[in-house]
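Structure, as structure tokens:
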Amino acid sequence: MKLTFIGTGYVGLVTGACMAELGHTVICADIDAKKINGLKRGVMPIYELGLDELVEKNVKKGRLSFTTNIGKAIKEAEVVFSAVGTPEDKKTGKANLEYVYAVAEAFAKNLNGYKILVNKSTVPVGTADQCRAKIITTCKPGALFDVVSNPEFLREGAAIKDFLNPDRVVVGTATEQAREVMEKIYRPIARAGRPVIMTDIRSAELIKYASNAFLATKISFINEIANFCELIGANVKEVARGMGSDARIGSRFLYAGSGYGGSCFPKDVQALIETGKEYDFDFQIVQAVDEVNDAQKMRPYQILKRELKSLKGKRVAVWGLSFKPRTDDVREAPALYVIQALLKAGATVVAYDPVASEAFARSLDDKKVHYGTDAYEILEDADALVIMTEWDEFRTADYAIISKAMKGNLIVDGRNIFERSEAEEAGFHYFGIGV
Ligand code: UDX
């Protein structure tokens, strides 16, 4: 089928390339000419495992192309996927939908026969109806179209695998015609035995928020248990193992640490609370999840402050800046909060991340942090080491080299990747989260 993706961020680019891999003819369109020109030369605007090979392969096969001409890309498509950003409005906590509505308008202006507009971006419940209303006021009278909700559940760093082998695909439609087209698009996935769940539009929109809020709940829950473990001398890793073995609970998303970050959980949790308010509905659990996470992000800072007494003039080495490993995405990364607090308290911060330093420096916009190119090099003369992202290369770190390089012996392990007994044996003063 002929598909157009508008927006070549994480979601649009990965999904577009994967759809081409399924055999569809895909155009990825974006207003950002720099991005599109780069993509035409094979330069990826994001770091995602396997993406460059997938793009190269499908461009060569003639199934994937890039353009800035949004109107033409819409005209040529049978189905238009909207994958533009829905950034959180910092003042209101609501998702900013101006880009989503701009796509609906462009879709309406370029309708040349029955077409479907699919919302891939995470949008509040009711957005598909809003898009439909906007299209009706803009398009020619009697034009035929459908609006569909098809939320994404891709994890950064595993997005291609997640797309090609999903736990489920969720599609919300209002007409039989749209349902049939969407079933055809996802036929290769259904044929591979993965469930393609068809629902009404509003349920599909809510499934995305309910899923992310539930996963965020698991994380905040285990973090709260972790903080309690510290008080009573229990080990959260053991507690999570014991809990997770109950199939009704499940072991995934029960890793305690410095809280969740990224482009989805913080924003989606906030947006769900805000949507609730519009309906006079109080999301008590989700509100608590958000509050627990806000406090959890600062746990490593609090431990550093407690153990180093005064942070003024102290040299703190930070391992890991991205919100999770295998991505250069630093949006809402707990490291941002910890480093800002350290700088404010007068500490010197030296940081290392295998891929995210540049993105982090842009995001922090504070010239005081020194970014190293080697994990051990930044430890020179450090009073403390704090681990904020569980990159594999940190898991296998050599205690002897760390110890030799550092001036102090304090390790704050915000992701519980070291074993306390081993770290203590190597002479470190070790603090994890609930271990
Ligand atoms: C998430 C959802 O998993 C995905 O389905 C959705 O579509 C987009 O949001 P992503 O943000 O890429 O994906 O990352 P994920 O792997 O889910 O991790 C989110 C955050 O939670 C990270 O900061 C991670 O460190 C944290 N986390 C995750 C924990 O602290 N503990 C856990 O047990 C799991």
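Numbering starts fresh at 1 for the residues of each chain in the structure tokens, the chains themselves are lettered A, B, ... in the order given, and ligands are numbered from 1 as they appear.
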
Contacts of Ala347 (chain A) within 6 Å, only C-alpha atoms, excl. fewer than 4 positions in-chain, as a list in words: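 These residues fall inside the cut-off: Leu311, Lys312, Gly313, Lys314, Arg315, Leu342 and Leu343 of chain A.
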
DSSP helix (DSSP H, G or I) residues within region 213-367 of chain A, as an MDAnalysis selection string: chainID A and resid 213:232 236:244 265:278 284:297 299:308 334:344 357:364

Close residues to ligand 1 using only C-alpha atoms and all ligand atoms, limit 9 Å, as an MDAnalysis selection string: chainID A and resid 122 151:159 162 208 211:212 215:216 218:220 222:223 251:266 268 322:325 327 332:334 389:390 415

Just write the chosen residues, C-alpha atoms, as a CSV table (one decimal), in the first residue's frame.
chain,number,residue,atom,x,y,z
A,122,THR,CA,0.4,10.1,21.5
A,151,PRO,CA,-0.9,4.4,19.0
A,152,GLU,CA,2.7,3.3,19.1
A,153,PHE,CA,4.3,1.2,21.8
A,154,LEU,CA,7.9,1.3,20.6
A,155,ARG,CA,10.7,1.4,23.2
A,156,GLU,CA,13.7,3.5,22.1
A,157,GLY,CA,16.7,1.3,21.5
A,158,ALA,CA,14.5,-1.6,20.7
A,159,ALA,CA,12.0,0.2,18.4
A,162,ASP,CA,9.2,-3.9,18.8
A,208,LYS,CA,-1.9,4.1,25.0
A,211,SER,CA,-0.6,1.3,29.3
A,212,ASN,CA,2.1,3.9,29.9
A,215,LEU,CA,4.1,0.8,33.5
A,216,ALA,CA,5.0,4.0,35.2
A,218,LYS,CA,5.0,-0.4,38.4
A,219,ILE,CA,8.2,1.7,38.4
A,220,SER,CA,7.1,4.2,41.0
A,222,ILE,CA,9.0,-0.6,43.1
A,223,ASN,CA,10.9,2.7,43.8
A,251,SER,CA,9.1,-9.4,36.5
A,252,ARG,CA,9.3,-6.6,33.9
A,253,PHE,CA,9.3,-2.9,34.9
A,254,LEU,CA,10.2,-3.8,38.5
A,255,TYR,CA,13.7,-2.4,38.4
A,256,ALA,CA,14.2,0.2,41.1
A,257,GLY,CA,16.4,3.2,40.3
A,258,SER,CA,16.5,6.9,39.9
A,259,GLY,CA,13.0,7.1,38.4
A,260,TYR,CA,11.7,7.0,34.8
A,261,GLY,CA,12.5,9.6,32.2
A,262,GLY,CA,12.2,9.8,28.4
A,263,SER,CA,9.7,11.3,25.9
A,264,CYS,CA,6.7,9.2,27.0
A,265,PHE,CA,6.2,8.2,30.6
A,266,PRO,CA,6.6,11.7,32.2
A,268,ASP,CA,1.9,10.8,29.2
A,322,SER,CA,20.6,9.5,28.5
A,323,PHE,CA,17.3,8.6,30.1
A,324,LYS,CA,18.1,4.9,29.5
A,325,PRO,CA,20.8,2.9,27.7
A,327,THR,CA,19.7,5.8,23.1
A,332,GLU,CA,13.5,14.1,31.1
A,333,ALA,CA,16.6,12.2,31.9
A,334,PRO,CA,17.1,12.0,35.7
A,389,THR,CA,22.2,5.2,33.2
A,390,GLU,CA,22.8,1.4,33.1
A,415,ARG,CA,20.6,2.1,38.6

Among listed residues A:Val100, A:Ile232, A:Val350, A:Ala17, nearest Cys131 (chain A) (using only C-alpha atoms):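 Looking only at the distances to Cys131 (chain A), the closest residue turns out to be A:Val100.
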
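Across the structure, CA of His24 (chain A) and CA of Asn58 (chain A) are spaced 10.0 Å apart.
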
Residue neighbourhood region 318-321 of chain A, 9 Å, only C-alpha atoms, exclusion window fewer than 3 positions, as a PyMOL selection string: chain A and resi 324-325+328-330+333-336+339+349-357+360+375+378-379+384-391+394
